[in-house]
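Participant: One structure is given below, represented as structure tokens, and several questions about it will come after.
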Amino acid sequence: MILYLIKNNFKLMIRSMTNIIMYIVGPVLLVALLSTVFNDLMEKYESEESISAGYSVSAGESDVRSLMLSEMVRAAAGENNMVLTEYHTADPEKVMLEEDLSGFIVFEEGGRYTVYENGDHKYGAKALEYLVSSTDQRITGYIQGSTDVDIEVAHPAYMEAIDSTDYYGIVEVVYFGWCAILCGTGILNAEKKYRIGKKLKVSGLSETKLYLAKFIPMLLVVSISSLITASATIVLFGVHWGSPILSALIVVLSAAAATAFGLMFYSITQNSVVTIIGVFAVVWLAGFFGGSFETYMFSSHSAFLKNISPIYHINRSLTELSCMGSSDYMGSAVLYCVMIIFVSSFIAIGAGDIRRRIGK
């Protein structure tokens with residue numbers, strides 16, 4: 001009997017093909033729009049292969065000249081792909097333009113120095129500024145007579161950047177996935193129109209079986225639609241999904257949680273319009289704090305508001321899989337989805353049992 005209901009509910013969903021098409025095409029259009037709008041904000045910077053910088057030393061600062069020619073400074077510059085060249089000039093800005101230098105340092109009397117930056121080579125100028133500021137105390141110590149000077153160049157760990165196309169190509173699939181109830185309107189409308197629910201209550205089927213008869217076909221359609229959308233983002237925009245198998249599993253698990261959440265809402269309200277409005281409102285809030293619109297990296301929302309959103313954990317796990325190959329948020333994303341599936345299913349089945357007992 002339950003297999004017969006699953007097949008019929010699946011057919012009812014297919015008849016509402018417009019909703020399913022909207023569910024597939026919607027995120028693709030959003031990805032195209034948002035990835036273009038935020039392209040400059042999230043643009044990856046490609047560093048220069050080699051950075052050319054110049055310096056000049058005031059007369060009488062022979063200690064500084066010796067230091068700049070020393071092996072330790074050359075090694076530190078080399079680690080930053082920087083080539084330092086001494087110039088005897090009083091116009092560093094003119095030299096930068098003529099020689100196309102990233103920056104220029106002028107060492108003045110008394111240990112003072114000035115760093116000039118070339119606006120066309122922002123990365124190189126910042127790298128030069130970092131090199132000088134990190135060696136400032138050591139230069140002072142060298143001038144004062146210290147000979148055991150060592151220069152340390154730190155390369156701290158950092159999270160790889162993700163561009164706007166990859167980011168929104170992932171998070172919008174997740175966001176629309178949480179609007180799963182849209183695909184199930186064919187079942188809900190038919191149930192209300194033909195009073196299928198009341199007829200089935202006298203069939204002897206338990207509320208659990210009646211719930212699964214809606215949950216399983218909805219999950220199949222939502223999961224397949226989400227995976228089709230994800231595939232479309234790869235073909236149309238070249239979105240990188242990281243580990244395909246892990247990413248697909250998280251997308252399907254997210255779809256299952258969204259399906260259970262939508263059915264719970266409908267089981268309580270028994271009204272498809274109210275259900276869609278209510279689900280969309282909750283999903284919008286979760287997406288707002290979870291990075292579906294403003295990226296979670298740049299948003300000013302508190303960590304608490306982000307962490308209570310399941311969409312945040314799913315978005316972060318998938319985007320980090322894309323740019324880093326792994327994510328510490330995979331565990332929390334899976335836990336959130338599993339909890340929502342079980343809690344929502346329990347409430348939906350419980351609400352159905354209560355209505356059956358009171359004769360509604």
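Labeling convention for the structure tokens: chains A, B, ... as they appear, residues from 1 per chain, ligands from 1 in order of appearance.
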Fewer than 2 positions away in the same chain doesn't count, so skip those; otherwise give me all residues within 8 Å of Ala230 of chain A, counting only C-alpha atoms, as a PyMOL selection string.
Facilitator: chain A and resi 169-170+173+226-228+232-234
Participant: So that I can see what lies close to Ala255 of chain A, please list as a list in words the residues with an atom at most 6 Å from it, counting only C-alpha atoms and leaving out residues fewer than 2 positions away in the same chain.
Facilitator: Gly177, Ser223, Val252, Leu253, Ala257 and Ala258 of chain A
Participant: Kindly assemble as JSON lines a list of the segment 189-307 of chain A residues that lie within 10 Å of segment 311-320 of chain A, each paired with its nearest atom pair and their distance in Å to one decimal, using only C-alpha atoms, sorted first by chain and then by ascending residue number.
Facilitator:
{"residue": "A:His240", "atom": "CA", "partner": "A:Thr319", "partner_atom": "CA", "distance": 9.1}
{"residue": "A:Trp241", "atom": "CA", "partner": "A:Leu318", "partner_atom": "CA", "distance": 7.3}
{"residue": "A:Gly242", "atom": "CA", "partner": "A:Leu318", "partner_atom": "CA", "distance": 7.6}
{"residue": "A:Ser243", "atom": "CA", "partner": "A:Leu318", "partner_atom": "CA", "distance": 8.9}
{"residue": "A:Leu246", "atom": "CA", "partner": "A:Leu318", "partner_atom": "CA", "distance": 8.7}
{"residue": "A:Ser247", "atom": "CA", "partner": "A:Leu318", "partner_atom": "CA", "distance": 6.2}
{"residue": "A:Ala248", "atom": "CA", "partner": "A:Leu318", "partner_atom": "CA", "distance": 9.5}
{"residue": "A:Ile250", "atom": "CA", "partner": "A:Ile314", "partner_atom": "CA", "distance": 7.4}
{"residue": "A:Val251", "atom": "CA", "partner": "A:Ile314", "partner_atom": "CA", "distance": 8.3}
{"residue": "A:Leu253", "atom": "CA", "partner": "A:Ile314", "partner_atom": "CA", "distance": 9.8}
{"residue": "A:Ser254", "atom": "CA", "partner": "A:Ile314", "partner_atom": "CA", "distance": 7.6}
{"residue": "A:Val283", "atom": "CA", "partner": "A:Ile311", "partner_atom": "CA", "distance": 8.4}
{"residue": "A:Leu285", "atom": "CA", "partner": "A:Ile311", "partner_atom": "CA", "distance": 9.8}
{"residue": "A:Ala286", "atom": "CA", "partner": "A:Ile311", "partner_atom": "CA", "distance": 6.1}
{"residue": "A:Gly287", "atom": "CA", "partner": "A:Ile311", "partner_atom": "CA", "distance": 6.0}
{"residue": "A:Phe288", "atom": "CA", "partner": "A:Tyr312", "partner_atom": "CA", "distance": 9.1}
{"residue": "A:Phe289", "atom": "CA", "partner": "A:Tyr312", "partner_atom": "CA", "distance": 7.1}
{"residue": "A:Gly290", "atom": "CA", "partner": "A:Tyr312", "partner_atom": "CA", "distance": 3.7}
{"residue": "A:Gly291", "atom": "CA", "partner": "A:Tyr312", "partner_atom": "CA", "distance": 6.3}
{"residue": "A:Ser292", "atom": "CA", "partner": "A:Asn315", "partner_atom": "CA", "distance": 7.9}
{"residue": "A:Thr295", "atom": "CA", "partner": "A:Asn315", "partner_atom": "CA", "distance": 9.7}
{"residue": "A:Tyr296", "atom": "CA", "partner": "A:Tyr312", "partner_atom": "CA", "distance": 7.6}
{"residue": "A:Met297", "atom": "CA", "partner": "A:Arg316", "partner_atom": "CA", "distance": 9.5}
{"residue": "A:Leu305", "atom": "CA", "partner": "A:Tyr312", "partner_atom": "CA", "distance": 9.4}
{"residue": "A:Lys306", "atom": "CA", "partner": "A:Tyr312", "partner_atom": "CA", "distance": 6.0}
{"residue": "A:Asn307", "atom": "CA", "partner": "A:Tyr312", "partner_atom": "CA", "distance": 6.7}
Participant: Please produce an output containing N, CA, C and O atoms for each residue in the selection, written as a JSON list (two decimals), in the first residue's frame.
Facilitator:
[["chain", "number", "residue", "atom", "x", "y", "z"],
["A", 240, "HIS", "N", 33.46, 25.16, -8.92],
["A", 240, "HIS", "CA", 34.23, 24.06, -8.36],
["A", 240, "HIS", "C", 33.56, 23.59, -7.06],
["A", 240, "HIS", "O", 33.48, 24.35, -6.10],
["A", 241, "TRP", "N", 33.13, 22.35, -7.04],
["A", 241, "TRP", "CA", 32.41, 21.82, -5.89],
["A", 241, "TRP", "C", 33.30, 21.02, -4.94],
["A", 241, "TRP", "O", 32.80, 20.32, -4.07],
["A", 242, "GLY", "N", 34.60, 21.09, -5.08],
["A", 242, "GLY", "CA", 35.46, 20.35, -4.17],
["A", 242, "GLY", "C", 35.31, 18.86, -4.38],
["A", 242, "GLY", "O", 35.24, 18.37, -5.50],
["A", 243, "SER", "N", 35.21, 18.11, -3.29],
["A", 243, "SER", "CA", 35.02, 16.66, -3.37],
["A", 243, "SER", "C", 33.61, 16.37, -3.86],
["A", 243, "SER", "O", 32.64, 16.61, -3.13],
["A", 246, "LEU", "N", 31.47, 13.90, -1.45],
["A", 246, "LEU", "CA", 31.13, 14.51, -0.16],
["A", 246, "LEU", "C", 30.15, 15.66, -0.35],
["A", 246, "LEU", "O", 29.19, 15.81, 0.43],
["A", 247, "SER", "N", 30.40, 16.49, -1.35],
["A", 247, "SER", "CA", 29.50, 17.62, -1.61],
["A", 247, "SER", "C", 28.10, 17.14, -1.96],
["A", 247, "SER", "O", 27.11, 17.70, -1.48],
["A", 248, "ALA", "N", 28.00, 16.10, -2.79],
["A", 248, "ALA", "CA", 26.70, 15.57, -3.17],
["A", 248, "ALA", "C", 25.97, 15.01, -1.95],
["A", 248, "ALA", "O", 24.75, 15.19, -1.81],
["A", 250, "ILE", "N", 26.28, 15.94, 1.18],
["A", 250, "ILE", "CA", 25.82, 17.05, 2.03],
["A", 250, "ILE", "C", 24.60, 17.72, 1.40],
["A", 250, "ILE", "O", 23.64, 18.08, 2.10],
["A", 251, "VAL", "N", 24.62, 17.90, 0.08],
["A", 251, "VAL", "CA", 23.47, 18.50, -0.62],
["A", 251, "VAL", "C", 22.22, 17.65, -0.44],
["A", 251, "VAL", "O", 21.12, 18.16, -0.16],
["A", 253, "LEU", "N", 21.65, 15.42, 1.97],
["A", 253, "LEU", "CA", 21.27, 15.44, 3.39],
["A", 253, "LEU", "C", 20.57, 16.75, 3.73],
["A", 253, "LEU", "O", 19.59, 16.77, 4.50],
["A", 254, "SER", "N", 21.05, 17.84, 3.16],
["A", 254, "SER", "CA", 20.40, 19.14, 3.35],
["A", 254, "SER", "C", 18.99, 19.12, 2.76],
["A", 254, "SER", "O", 18.04, 19.66, 3.36],
["A", 283, "VAL", "N", 13.44, 30.19, 6.16],
["A", 283, "VAL", "CA", 14.61, 29.93, 5.31],
["A", 283, "VAL", "C", 15.32, 31.23, 4.96],
["A", 283, "VAL", "O", 16.55, 31.29, 4.92],
["A", 285, "LEU", "N", 15.48, 33.96, 6.79],
["A", 285, "LEU", "CA", 16.25, 34.38, 7.97],
["A", 285, "LEU", "C", 17.50, 33.52, 8.15],
["A", 285, "LEU", "O", 18.59, 34.04, 8.41],
["A", 286, "ALA", "N", 17.34, 32.20, 7.99],
["A", 286, "ALA", "CA", 18.49, 31.31, 8.13],
["A", 286, "ALA", "C", 19.53, 31.59, 7.06],
["A", 286, "ALA", "O", 20.73, 31.56, 7.31],
["A", 287, "GLY", "N", 19.05, 31.90, 5.84],
["A", 287, "GLY", "CA", 19.98, 32.23, 4.76],
["A", 287, "GLY", "C", 20.63, 33.58, 4.96],
["A", 287, "GLY", "O", 21.81, 33.77, 4.63],
["A", 288, "PHE", "N", 19.89, 34.53, 5.53],
["A", 288, "PHE", "CA", 20.43, 35.87, 5.78],
["A", 288, "PHE", "C", 21.62, 35.81, 6.74],
["A", 288, "PHE", "O", 22.65, 36.44, 6.51],
["A", 289, "PHE", "N", 21.47, 35.04, 7.81],
["A", 289, "PHE", "CA", 22.56, 34.91, 8.78],
["A", 289, "PHE", "C", 23.59, 33.85, 8.35],
["A", 289, "PHE", "O", 24.70, 33.82, 8.86],
["A", 290, "GLY", "N", 23.18, 33.00, 7.39],
["A", 290, "GLY", "CA", 24.06, 31.91, 6.99],
["A", 290, "GLY", "C", 24.93, 32.17, 5.79],
["A", 290, "GLY", "O", 25.70, 31.31, 5.38],
["A", 291, "GLY", "N", 24.82, 33.37, 5.20],
["A", 291, "GLY", "CA", 25.71, 33.72, 4.09],
["A", 291, "GLY", "C", 25.14, 33.49, 2.71],
["A", 291, "GLY", "O", 25.89, 33.46, 1.74],
["A", 292, "SER", "N", 23.81, 33.34, 2.58],
["A", 292, "SER", "CA", 23.23, 33.11, 1.26],
["A", 292, "SER", "C", 23.17, 34.38, 0.42],
["A", 292, "SER", "O", 23.07, 34.30, -0.81],
["A", 295, "THR", "N", 28.15, 37.37, 1.97],
["A", 295, "THR", "CA", 29.02, 36.24, 2.29],
["A", 295, "THR", "C", 29.31, 36.19, 3.79],
["A", 295, "THR", "O", 29.46, 37.23, 4.43],
["A", 296, "TYR", "N", 29.36, 34.98, 4.34],
["A", 296, "TYR", "CA", 29.59, 34.84, 5.77],
["A", 296, "TYR", "C", 30.98, 35.35, 6.17],
["A", 296, "TYR", "O", 31.22, 35.71, 7.32],
["A", 297, "MET", "N", 31.93, 35.42, 5.21],
["A", 297, "MET", "CA", 33.27, 35.92, 5.51],
["A", 297, "MET", "C", 33.25, 37.42, 5.79],
["A", 297, "MET", "O", 34.01, 37.91, 6.62],
["A", 305, "LEU", "N", 24.59, 34.23, 15.97],
["A", 305, "LEU", "CA", 23.53, 34.21, 14.97],
["A", 305, "LEU", "C", 23.90, 33.33, 13.78],
["A", 305, "LEU", "O", 23.05, 32.66, 13.20],
["A", 306, "LYS", "N", 25.18, 33.33, 13.41],
["A", 306, "LYS", "CA", 25.61, 32.47, 12.31],
["A", 306, "LYS", "C", 25.50, 31.00, 12.71],
["A", 306, "LYS", "O", 25.01, 30.17, 11.93],
["A", 307, "ASN", "N", 25.95, 30.69, 13.90],
["A", 307, "ASN", "CA", 26.03, 29.28, 14.31],
["A", 307, "ASN", "C", 24.68, 28.63, 14.57],
["A", 307, "ASN", "O", 24.57, 27.41, 14.54]]
Participant: At a cut-off of 12 Å, using only C-alpha atoms, what residues contact Gly350 of chain A? Leave out same-chain residues fewer than 4 positions from it and give the result as a PDB file with C-alpha atoms, in the first residue's frame.
Facilitator:
ATOM      1  CA  SER A 206      -0.163   4.451  10.477  1.00  0.00           C
ATOM      2  CA  GLU A 207       0.807   8.130  10.488  1.00  0.00           C
ATOM      3  CA  THR A 208       4.434   7.085  10.052  1.00  0.00           C
ATOM      4  CA  LEU A 210       1.472   8.195   5.567  1.00  0.00           C
ATOM      5  CA  TYR A 211       4.319  10.572   6.377  1.00  0.00           C
ATOM      6  CA  MET A 264       6.394  19.408   9.629  1.00  0.00           C
ATOM      7  CA  SER A 267       1.361  18.910   9.255  1.00  0.00           C
ATOM      8  CA  ILE A 268       0.860  21.650  11.835  1.00  0.00           C
ATOM      9  CA  PHE A 342      14.379  13.420  13.176  1.00  0.00           C
ATOM     10  CA  VAL A 343      12.825  16.291  15.153  1.00  0.00           C
ATOM     11  CA  SER A 344      10.704  17.532  12.221  1.00  0.00           C
ATOM     12  CA  SER A 345       9.567  14.010  11.342  1.00  0.00           C
ATOM     13  CA  PHE A 346       8.672  13.288  14.973  1.00  0.00           C
ATOM     14  CA  ILE A 354      -3.244  14.065  17.437  1.00  0.00           C
ATOM     15  CA  ARG A 355      -5.599  15.053  14.604  1.00  0.00           C
ATOM     16  CA  ARG A 356      -6.593  11.427  14.086  1.00  0.00           C
ATOM     17  CA  ARG A 357      -7.474  11.039  17.761  1.00  0.00           C
TER      18      ARG A 357
END
Participant: So, with only C-alpha atoms as the atoms that count, which of A:Ile2, A:Leu97, A:Ala180, A:Met13 lies closest to Phe280 of chain A?
Facilitator: A:Ala180
Participant: Compare A:Ser164, A:Ser35, A:Ser56, A:Ser16 by their minimum atom-to-atom distance to Cys323 of chain A, counting only C-alpha atoms, and give me the closest one.
Facilitator: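 So, comparing all the options, the nearest one is A:Ser164.
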Participant: Contacts of segment 104-109 of chain A at 6 Å or less, counting only C-alpha atoms, minus same-chain residues fewer than 5 places along, as a short mmCIF file (atom, residue, chain, number, x, y, z; two decimals) with N, CA and C atoms, in the first residue's frame?
Facilitator:
data_model
loop_
_atom_site.label_atom_id
_atom_site.label_comp_id
_atom_site.auth_asym_id
_atom_site.auth_seq_id
_atom_site.Cartn_x
_atom_site.Cartn_y
_atom_site.Cartn_z
N ALA A 53 61.97 46.19 -6.54
CA ALA A 53 61.92 47.35 -5.64
C ALA A 53 63.28 48.01 -5.60
N GLY A 54 63.27 49.30 -5.37
CA GLY A 54 64.53 50.04 -5.29
C GLY A 54 64.72 50.67 -3.93
N TYR A 55 65.93 51.08 -3.66
CA TYR A 55 66.22 51.79 -2.42
C TYR A 55 67.40 52.72 -2.63
N SER A 56 67.45 53.75 -1.80
CA SER A 56 68.60 54.65 -1.79
C SER A 56 68.96 54.94 -0.34
N VAL A 57 70.26 55.18 -0.11
CA VAL A 57 70.77 55.39 1.25
C VAL A 57 71.47 56.74 1.31
N SER A 58 71.10 57.54 2.31
CA SER A 58 71.71 58.85 2.47
C SER A 58 73.20 58.72 2.74
N THR A 114 61.65 56.11 4.51
CA THR A 114 60.34 56.36 3.89
C THR A 114 60.11 55.30 2.81
N VAL A 115 58.90 54.73 2.82
CA VAL A 115 58.54 53.73 1.82
C VAL A 115 57.57 54.37 0.82
N TYR A 116 57.93 54.34 -0.45
CA TYR A 116 57.07 54.85 -1.52
C TYR A 116 56.40 53.66 -2.21
#
Participant: Give me the residues within 12 Å of Ile14 of chain A as a list in words, counting only C-alpha atoms and dropping any in the same chain fewer than 6 places off.
Facilitator: Lys7, Asn8, Ile20, Ile21, Cys183, Gly184, Thr185, Gly186, Ile187, Pro217, Met218, Leu220, Val221, Val222 and Ser225 of chain A
Participant: Pick out the residues sitting within 10 Å of Val273 of chain A, and hand them over as a PyMOL selection string; count only C-alpha atoms, and ignore anything fewer than 4 positions along from it in its own chain.
Facilitator: chain A and resi 185+188-189+266+269+277-279
Participant: Can I get the selected residues back with N, CA and C atoms, as an mmCIF file, in the first residue's frame?
Facilitator:
data_model
loop_
_atom_site.group_PDB
_atom_site.id
_atom_site.type_symbol
_atom_site.label_atom_id
_atom_site.label_comp_id
_atom_site.auth_asym_id
_atom_site.auth_seq_id
_atom_site.Cartn_x
_atom_site.Cartn_y
_atom_site.Cartn_z
ATOM 1 N N THR A 185 4.146 20.903 -3.607
ATOM 2 C CA THR A 185 2.814 21.523 -3.633
ATOM 3 C C THR A 185 1.801 20.679 -4.404
ATOM 4 N N LEU A 188 0.424 18.359 -1.798
ATOM 5 C CA LEU A 188 -0.350 19.060 -0.773
ATOM 6 C C LEU A 188 -1.670 19.587 -1.333
ATOM 7 N N ASN A 189 -1.638 20.148 -2.533
ATOM 8 C CA ASN A 189 -2.867 20.680 -3.135
ATOM 9 C C ASN A 189 -3.863 19.570 -3.455
ATOM 10 N N TYR A 266 3.628 21.858 7.303
ATOM 11 C CA TYR A 266 2.324 21.575 6.724
ATOM 12 C C TYR A 266 1.474 20.716 7.656
ATOM 13 N N THR A 269 0.008 23.234 10.167
ATOM 14 C CA THR A 269 -0.921 24.253 9.667
ATOM 15 C C THR A 269 -2.046 23.679 8.824
ATOM 16 N N ILE A 277 4.584 30.228 2.880
ATOM 17 C CA ILE A 277 4.978 31.538 3.415
ATOM 18 C C ILE A 277 5.840 31.367 4.667
ATOM 19 N N GLY A 278 5.395 30.488 5.572
ATOM 20 C CA GLY A 278 6.130 30.268 6.815
ATOM 21 C C GLY A 278 7.511 29.686 6.579
ATOM 22 N N VAL A 279 7.584 28.671 5.716
ATOM 23 C CA VAL A 279 8.879 28.037 5.415
ATOM 24 C C VAL A 279 9.818 29.036 4.754
#
Participant: Taking only C-alpha atoms into account, which of A:Ser327, A:Ser332, A:Thr259, A:Ser302 comes nearest Ile181 of chain A?
Facilitator: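 That would be A:Thr259, the residue with the smallest distance to Ile181 of chain A.
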Participant: Select, from A:Lys193, A:Ile51, A:Met96, A:Phe215, the residue with the minimum atom-to-atom distance to Ala127 of chain A, counting only C-alpha atoms.
Facilitator: A:Ile51
Participant: Can you list, as a ChimeraX atom specification, every residue of segment 210-324 of chain A that DSSP puts in helix (DSSP H, G or I)?
Facilitator: /A:210-237,244-269,272-290,303-307,310-324
Participant: Considering only C-alpha atoms, return as a PDB file with N, CA, C and O atoms, in the first residue's frame whatever protein or nucleic-acid residues lie within 12 Å of Phe237 of chain A, sequence-local ones (same chain, fewer than 5 positions apart) excluded.
Facilitator:
ATOM      1  N   VAL A  28      20.074  28.968 -10.588  1.00  0.00           N
ATOM      2  CA  VAL A  28      20.990  29.235 -11.703  1.00  0.00           C
ATOM      3  C   VAL A  28      20.970  30.723 -12.063  1.00  0.00           C
ATOM      4  O   VAL A  28      22.012  31.345 -12.279  1.00  0.00           O
ATOM      5  N   LEU A  29      19.758  31.309 -12.104  1.00  0.00           N
ATOM      6  CA  LEU A  29      19.634  32.735 -12.400  1.00  0.00           C
ATOM      7  C   LEU A  29      20.256  33.583 -11.302  1.00  0.00           C
ATOM      8  O   LEU A  29      20.927  34.589 -11.576  1.00  0.00           O
ATOM      9  N   LEU A  30      20.050  33.175 -10.045  1.00  0.00           N
ATOM     10  CA  LEU A  30      20.634  33.922  -8.925  1.00  0.00           C
ATOM     11  C   LEU A  30      22.154  33.858  -8.944  1.00  0.00           C
ATOM     12  O   LEU A  30      22.834  34.836  -8.636  1.00  0.00           O
ATOM     13  N   VAL A  31      22.693  32.691  -9.268  1.00  0.00           N
ATOM     14  CA  VAL A  31      24.145  32.539  -9.353  1.00  0.00           C
ATOM     15  C   VAL A  31      24.702  33.486 -10.410  1.00  0.00           C
ATOM     16  O   VAL A  31      25.701  34.176 -10.180  1.00  0.00           O
ATOM     17  N   ALA A  32      24.053  33.541 -11.561  1.00  0.00           N
ATOM     18  CA  ALA A  32      24.503  34.421 -12.640  1.00  0.00           C
ATOM     19  C   ALA A  32      24.485  35.879 -12.200  1.00  0.00           C
ATOM     20  O   ALA A  32      25.404  36.651 -12.491  1.00  0.00           O
ATOM     21  N   LEU A  33      23.442  36.270 -11.451  1.00  0.00           N
ATOM     22  CA  LEU A  33      23.294  37.657 -11.015  1.00  0.00           C
ATOM     23  C   LEU A  33      24.290  38.008  -9.907  1.00  0.00           C
ATOM     24  O   LEU A  33      25.069  38.951 -10.029  1.00  0.00           O
ATOM     25  N   SER A  35      26.971  36.404  -8.683  1.00  0.00           N
ATOM     26  CA  SER A  35      28.395  36.219  -8.962  1.00  0.00           C
ATOM     27  C   SER A  35      28.953  37.378  -9.768  1.00  0.00           C
ATOM     28  O   SER A  35      30.120  37.750  -9.622  1.00  0.00           O
ATOM     29  N   THR A  36      28.108  37.990 -10.623  1.00  0.00           N
ATOM     30  CA  THR A  36      28.537  39.147 -11.400  1.00  0.00           C
ATOM     31  C   THR A  36      28.604  40.395 -10.532  1.00  0.00           C
ATOM     32  O   THR A  36      29.568  41.164 -10.590  1.00  0.00           O
ATOM     33  N   ASP A 163      36.243  32.628  -5.085  1.00  0.00           N
ATOM     34  CA  ASP A 163      35.694  33.728  -5.872  1.00  0.00           C
ATOM     35  C   ASP A 163      34.170  33.710  -5.830  1.00  0.00           C
ATOM     36  O   ASP A 163      33.548  32.766  -5.339  1.00  0.00           O
ATOM     37  N   SER A 164      33.566  34.778  -6.362  1.00  0.00           N
ATOM     38  CA  SER A 164      32.117  34.955  -6.256  1.00  0.00           C
ATOM     39  C   SER A 164      31.349  33.871  -7.015  1.00  0.00           C
ATOM     40  O   SER A 164      30.282  33.451  -6.585  1.00  0.00           O
ATOM     41  N   THR A 165      31.901  33.416  -8.135  1.00  0.00           N
ATOM     42  CA  THR A 165      31.198  32.386  -8.919  1.00  0.00           C
ATOM     43  C   THR A 165      31.122  31.079  -8.149  1.00  0.00           C
ATOM     44  O   THR A 165      30.048  30.453  -8.067  1.00  0.00           O
ATOM     45  N   ASP A 166      32.240  30.644  -7.576  1.00  0.00           N
ATOM     46  CA  ASP A 166      32.236  29.408  -6.789  1.00  0.00           C
ATOM     47  C   ASP A 166      31.365  29.553  -5.550  1.00  0.00           C
ATOM     48  O   ASP A 166      30.597  28.653  -5.207  1.00  0.00           O
ATOM     49  N   TYR A 167      31.484  30.699  -4.882  1.00  0.00           N
ATOM     50  CA  TYR A 167      30.737  30.891  -3.636  1.00  0.00           C
ATOM     51  C   TYR A 167      29.229  30.859  -3.873  1.00  0.00           C
ATOM     52  O   TYR A 167      28.509  30.055  -3.273  1.00  0.00           O
ATOM     53  N   TYR A 168      28.755  31.738  -4.748  1.00  0.00           N
ATOM     54  CA  TYR A 168      27.310  31.811  -4.965  1.00  0.00           C
ATOM     55  C   TYR A 168      26.795  30.617  -5.763  1.00  0.00           C
ATOM     56  O   TYR A 168      25.619  30.258  -5.647  1.00  0.00           O
ATOM     57  N   GLY A 169      27.669  29.996  -6.569  1.00  0.00           N
ATOM     58  CA  GLY A 169      27.264  28.782  -7.261  1.00  0.00           C
ATOM     59  C   GLY A 169      26.979  27.636  -6.318  1.00  0.00           C
ATOM     60  O   GLY A 169      26.240  26.704  -6.654  1.00  0.00           O
ATOM     61  N   ILE A 170      27.539  27.704  -5.117  1.00  0.00           N
ATOM     62  CA  ILE A 170      27.309  26.673  -4.093  1.00  0.00           C
ATOM     63  C   ILE A 170      26.173  27.070  -3.152  1.00  0.00           C
ATOM     64  O   ILE A 170      25.227  26.306  -2.943  1.00  0.00           O
ATOM     65  N   THR A 229      20.745  21.099 -10.616  1.00  0.00           N
ATOM     66  CA  THR A 229      21.145  22.505 -10.508  1.00  0.00           C
ATOM     67  C   THR A 229      22.643  22.632 -10.280  1.00  0.00           C
ATOM     68  O   THR A 229      23.313  23.469 -10.897  1.00  0.00           O
ATOM     69  N   ALA A 230      23.181  21.805  -9.367  1.00  0.00           N
ATOM     70  CA  ALA A 230      24.625  21.828  -9.096  1.00  0.00           C
ATOM     71  C   ALA A 230      25.415  21.499 -10.354  1.00  0.00           C
ATOM     72  O   ALA A 230      26.438  22.132 -10.649  1.00  0.00           O
ATOM     73  N   SER A 231      24.947  20.519 -11.111  1.00  0.00           N
ATOM     74  CA  SER A 231      25.618  20.154 -12.365  1.00  0.00           C
ATOM     75  C   SER A 231      25.550  21.298 -13.373  1.00  0.00           C
ATOM     76  O   SER A 231      26.518  21.549 -14.112  1.00  0.00           O
ATOM     77  N   ALA A 232      24.411  22.001 -13.399  1.00  0.00           N
ATOM     78  CA  ALA A 232      24.260  23.132 -14.312  1.00  0.00           C
ATOM     79  C   ALA A 232      25.242  24.250 -13.968  1.00  0.00           C
ATOM     80  O   ALA A 232      25.789  24.907 -14.872  1.00  0.00           O
TER      81      ALA A 232
END
Participant: To one decimal in Å, tell me the separation between atom CA of Met339 of chain A and atom CA of Ile308 of chain A.
Facilitator: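 A separation of 12.9 Å between them.
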Participant: One decimal, in Å: what's the spacing between atom CA of Phe293 of chain A and atom CA of Ala333 of chain A?
Facilitator: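 Interatomic distance here is 18.9 Å.
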Participant: Tell me, in Å to one decimal, how far atom CA of Phe261 of chain A is from atom CA of Pro310 of chain A.
Facilitator: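 Atom CA of Pro310 of chain A lies 12.0 Å from atom CA of Phe261 of chain A.
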